[in-house]
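Structure first, then comments.
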Amino acid sequence: MLRDWLPFLIYGLFALVVPTSMIVASFVFAQRPARRTRARGLPFESGVSRGAMKHQRFTISFYLTAMLFILFDIEIVFMYPLAVILHRLAWFGFAEFAFFVAILAVAYVYIWRKGALEW
Amino acid sequence: MFRSLVVGWADLVLPGTSYLERDGTYVNLEGRLQRLRRAVIPPAPDELAWISKLAERFGVTIPPHASAVFAALSERIYDGLPFGEVGEQAELRTRSEAPTPELPEEPGVPAGKGLRLVRYRPLFSGPAVERSRAGTAGRGEARDRHRRDRHRLAQRHLRRAPRPCQPRPARGGRPDREPARRRPRRRGGGAQVTEVWWVSLIKAFVIINLLMLTFAYMTLIERKVLARMQLRYGPNRAGPFGLLQPIADLVKLIRKEAFFPASAVDVLYITAPVLSCFTALAAFSVIPFGPGWTIGDYYVSGEVVNVSISLILLFALGSLGIYGFIVGGWASDSKYSLLGSMRTCAQMVSYEVSLTFAVLGVVLMGRSLSLVDIVHKQDETFWFFGPQFVGLLIFFVAGVAETNRPPFDLPEADTELVAGYHTEYSGMRFGLFQMGEYVNMITLSALAVTLFFGGWYGPWAPLGPLRFALMLFAVIFIFLWLRATLPRLRYDQLMRLGWKVLLPLATVNAVVTAALVVAL
């Protein structure tokens, strides 16, 4: 088990060291400004800034999309192991698969008709 | 099924089952009768099933069910104890009370139908090897070569393997090198061995540097290709043909002033690009790029990581990468950043559904989540882009959207959102986001080559990595081509395409593939 994952840990360490070292390098080698001004730190705005947006309201569609994603993605995660052994389960497995997709399709038609996919 | 080194010498390999995979009884060392219950369904026919078939050909009857075998035994030894009571509450009489079993007369073994028992032949004799080689000659040429390679590798390893019991003399005072530990692995090749850890270390170092080099020069290639498509020259000042441009870019990015926006959440702001770059780099680790090599005494496998769930690992890392974008956009506390990161998140999750669904067809045909296995499967059968053509199209479109490349580059749509989630980033922090995006693009292209075009395997097997790289660049070129050709979509068009076109199409593709896999 660990033997299989050891290369990933090693590689992952490298993958972590690379961006971290670049961030550090960007602080070490960065040019220092002659003087700091307040305007430099302001968020980008092509006009008069109306303050941060963090605490304002946001359109609901994004959250809806995120929830739909969770639904569908979990279902796909369920299907992956089934797909691996489907050739052994033969038609029984396929029936299960088709039944599952059918339920999924009902939910899909529902959210479509409800307009959750509209933008 | 484990395939060990000696498989290459066998004329016939019969499926076996472990004790977890069969029903039956056995007598343990204390003389107790024990019941075995099957916990796992074996992939191949039950051992008893093929033994009984084989016995039938020899004219002996062995019932194919454990209970029937036990009934026959029990009649003679256990005084007719029913199979169902073993391991439940049965009590046995002691041996002295039990009647002496009457052994049946040895039946004369008739000459089986076309089968005869031959004397045991030692494994490592020459002719056996010769015959098994000759046996493959009639098959496809590619299969033959593959088999031969495996033979060669196996022979080399057997020759090199130290005898376990004899201490080896140290050579010339040098610390004795430890040969790569051999262990059969669950995958296609006959002579697979694992690596020593420092080989993995060196390989990881080399691969990650190659990956970053590819990224650096991809920026140059992209600018050159785009320029040529727009009848410009592109960068040509730094070095010949602008070849030093990526290095100049790197120096420029690192030298940029490092500051935090006034209202940013500093820790998150600085972690986000690291996270997105890390996940992008780490995801590449599961891509197989070669058949594996033996250098000296050491085995170097053709991929960084081979785990049984490598596809899921890759998608999981891709999903984690989304955190980098959304955290970065939120933490920098700017209107455009937040809008951009929200868009990125919604777009990436939408297309990830289609992306993973499109791959389901390949998983169904490859029968594994390990990319190494999928490549081997394609080498045994055919490239999957033929039967999975719809899957390939969906995968590619969703992949372009997943990497935020044009025409799906809405997260950073310059004309509306300045730069999207990295509006407030500059210098190397911005560079890391770019790096994440480009490395994701490389990984997805590599995944497309691996899943649909046979990966490194092909007509010139020793040139595997080279072929792989060429195909990789061909796919990347299509990414660049798209950028030069297509205008950006509108956000509602993008979402409609993802949820209303690609997702149903991918589902139908998966169901049809499943039906075909079961039927054929």
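We label chains A, B, ... in the order they appear in the structure tokens, count residues from 1 in each chain, and number ligands from 1 in the order shown.
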Exercise. Tyr491 of chain B: which residues within 12 Å, counting only C-alpha atoms, same-chain residues fewer than 2 positions away excluded, as a count of residues only?
Worked result: 26
List the spatial neighbours of Arg3 of chain A as a PDB file with N, CA and C atoms, in the first residue's frame - criterion: any atom at most 10 Å away, only C-alpha atoms, same-chain residues fewer than 5 positions off excluded.
ATOM      1  N   PHE A   8       4.342   8.857  -5.052  1.00  0.00           N
ATOM      2  CA  PHE A   8       3.472  10.032  -5.109  1.00  0.00           C
ATOM      3  C   PHE A   8       3.828  11.034  -4.027  1.00  0.00           C
TER       4      PHE A   8
ATOM      5  N   THR B 194       9.332  -3.354  -8.703  1.00  0.00           N
ATOM      6  CA  THR B 194       9.165  -2.016  -8.143  1.00  0.00           C
ATOM      7  C   THR B 194      10.498  -1.291  -8.089  1.00  0.00           C
ATOM      8  N   GLU B 195      10.419  -0.019  -7.886  1.00  0.00           N
ATOM      9  CA  GLU B 195      11.625   0.796  -7.885  1.00  0.00           C
ATOM     10  C   GLU B 195      12.160   0.933  -6.467  1.00  0.00           C
ATOM     11  N   VAL B 196      13.433   1.256  -6.387  1.00  0.00           N
ATOM     12  CA  VAL B 196      13.972   1.668  -5.109  1.00  0.00           C
ATOM     13  C   VAL B 196      13.548   3.110  -4.907  1.00  0.00           C
ATOM     14  N   TRP B 197      13.498   3.553  -3.656  1.00  0.00           N
ATOM     15  CA  TRP B 197      12.897   4.868  -3.418  1.00  0.00           C
ATOM     16  C   TRP B 197      13.696   5.987  -4.057  1.00  0.00           C
ATOM     17  N   VAL B 307      -0.908   3.834  -9.142  1.00  0.00           N
ATOM     18  CA  VAL B 307      -1.828   3.351  -8.118  1.00  0.00           C
ATOM     19  C   VAL B 307      -3.088   2.901  -8.826  1.00  0.00           C
TER      20      VAL B 307
END
For this session: Grab the atom CA of Thr271 of chain B to atom CA of Gly324 of chain B distance for me, in Å with one decimal place.
Result: 7.8 Å
Within 6 Å of segment 446-466 of chain B: each segment 307-387 of chain B residue with its shortest pair, only C-alpha atoms, as a tab-separated table:
residue	atom	partner	partner_atom	distance
B:Val375	CA	B:Gly454	CA	5.5
B:Gln378	CA	B:Gly454	CA	5.6
B:Trp383	CA	B:Gly454	CA	5.3
B:Phe384	CA	B:Phe452	CA	4.7
B:Phe385	CA	B:Phe452	CA	4.6
Take the residues from that selection and write them out as a tab-separated table (two decimals), in the first residue's frame, keeping C-alpha atoms.
chain	number	residue	atom	x	y	z
B	375	VAL	CA	-2.62	1.74	-21.87
B	378	GLN	CA	-5.31	-0.55	-25.59
B	383	TRP	CA	-7.00	2.52	-29.47
B	384	PHE	CA	-10.12	3.75	-27.78
B	385	PHE	CA	-10.63	6.85	-29.91
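Taking only C-alpha atoms into account, chain A lies nearest to B:Gly420 out of the set B:Gly234, B:Gly16, B:Gly239, B:Gly420.
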All residues 9 Å or closer to Ser26 of chain A, only C-alpha atoms, same chain fewer than 2 positions away omitted, as a PDB file with C-alpha atoms, in the first residue's frame:
ATOM      1  CA  SER A  21      10.285  28.294  -3.554  1.00  0.00           C
ATOM      2  CA  MET A  22       9.063  30.519  -6.363  1.00  0.00           C
ATOM      3  CA  ILE A  23       6.937  32.521  -3.932  1.00  0.00           C
ATOM      4  CA  VAL A  24       9.890  32.853  -1.599  1.00  0.00           C
ATOM      5  CA  VAL A  28      13.740  37.729  -1.945  1.00  0.00           C
ATOM      6  CA  PHE A  29      14.583  39.074  -5.388  1.00  0.00           C
ATOM      7  CA  ALA A  30      11.760  41.585  -5.692  1.00  0.00           C
TER       8      ALA A  30
ATOM      9  CA  LEU B 253       8.273  38.084 -12.939  1.00  0.00           C
ATOM     10  CA  ILE B 254      10.576  37.356 -10.020  1.00  0.00           C
ATOM     11  CA  ARG B 255      11.910  40.906  -9.976  1.00  0.00           C
ATOM     12  CA  LYS B 256       8.433  42.446  -9.769  1.00  0.00           C
ATOM     13  CA  GLU B 257       7.613  44.278  -6.599  1.00  0.00           C
ATOM     14  CA  ALA B 258       6.011  41.989  -4.024  1.00  0.00           C
ATOM     15  CA  GLY B 427       4.892  39.006 -10.405  1.00  0.00           C
ATOM     16  CA  MET B 428       5.561  35.395  -9.626  1.00  0.00           C
ATOM     17  CA  ARG B 429       2.260  35.015  -7.790  1.00  0.00           C
TER      18      ARG B 429
END
Tell me, as a short mmCIF file (atom, residue, chain, number, x, y, z; two decimals) with N, CA and C atoms, in the first residue's frame, which residues lie within 12 Å of segment 35-38 of chain A, counting only C-alpha atoms; anything in the same chain fewer than 5 positions away does not count.
data_model
loop_
_atom_site.label_atom_id
_atom_site.label_comp_id
_atom_site.auth_asym_id
_atom_site.auth_seq_id
_atom_site.Cartn_x
_atom_site.Cartn_y
_atom_site.Cartn_z
N PRO A 43 -7.61 48.01 -4.39
CA PRO A 43 -8.01 47.04 -5.41
C PRO A 43 -8.28 47.73 -6.74
N GLU B 257 7.79 43.91 -7.99
CA GLU B 257 7.61 44.28 -6.60
C GLU B 257 6.58 43.36 -5.93
N ALA B 258 6.91 42.89 -4.74
CA ALA B 258 6.01 41.99 -4.02
C ALA B 258 5.24 42.79 -2.98
N PHE B 259 3.96 42.93 -3.19
CA PHE B 259 3.16 43.63 -2.18
C PHE B 259 1.79 43.00 -2.08
N PHE B 260 1.15 43.27 -0.96
CA PHE B 260 -0.20 42.74 -0.76
C PHE B 260 -1.21 43.86 -0.97
N PRO B 261 -2.30 43.59 -1.64
CA PRO B 261 -3.35 44.60 -1.74
C PRO B 261 -3.83 44.99 -0.34
N ALA B 262 -4.29 46.23 -0.21
CA ALA B 262 -4.56 46.79 1.12
C ALA B 262 -5.53 45.94 1.93
N SER B 263 -6.61 45.48 1.29
CA SER B 263 -7.63 44.80 2.08
C SER B 263 -7.60 43.28 1.89
#
Residues within 10 Å of Gly12 of chain A, please, as a PDB file with C-alpha atoms, in the first residue's frame. Count only C-alpha atoms; anything in the same chain fewer than 2 positions from it doesn't count.
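Produced file part01.pdb, reproduced below:
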ATOM      1  CA  LEU A   6       5.570   6.451  -1.799  1.00  0.00           C
ATOM      2  CA  PRO A   7       6.497   7.783  -5.271  1.00  0.00           C
ATOM      3  CA  PHE A   8       3.472  10.032  -5.109  1.00  0.00           C
ATOM      4  CA  LEU A   9       4.558  11.418  -1.770  1.00  0.00           C
ATOM      5  CA  ILE A  10       8.030  12.076  -3.136  1.00  0.00           C
ATOM      6  CA  PHE A  14       8.616  18.325  -5.248  1.00  0.00           C
ATOM      7  CA  ALA A  15       5.347  19.670  -6.587  1.00  0.00           C
ATOM      8  CA  LEU A  16       4.905  21.580  -3.343  1.00  0.00           C
ATOM      9  CA  VAL A  17       8.498  22.782  -3.114  1.00  0.00           C
ATOM     10  CA  VAL A  18       8.499  24.267  -6.606  1.00  0.00           C
TER      11      VAL A  18
ATOM     12  CA  ALA B 204      10.267  12.716  -9.820  1.00  0.00           C
ATOM     13  CA  ILE B 208       8.926  17.834 -12.659  1.00  0.00           C
ATOM     14  CA  PHE B 278       0.751  22.342  -6.659  1.00  0.00           C
ATOM     15  CA  THR B 279      -2.380  20.495  -7.703  1.00  0.00           C
ATOM     16  CA  LEU B 281       1.925  19.727 -11.002  1.00  0.00           C
ATOM     17  CA  ALA B 282       0.883  16.807  -8.817  1.00  0.00           C
ATOM     18  CA  ALA B 283      -1.857  15.708 -11.206  1.00  0.00           C
ATOM     19  CA  SER B 285       2.270  12.243 -11.775  1.00  0.00           C
TER      20      SER B 285
END
For this session: Using only C-alpha atoms, determine which residues lie at most 9 Å from segment 102-113 of chain A, disregarding the query and same-chain residues fewer than 5 positions distant; provide the list as a ChimeraX atom specification.
Result: /A:68,72,75,97,118 /B:500,504
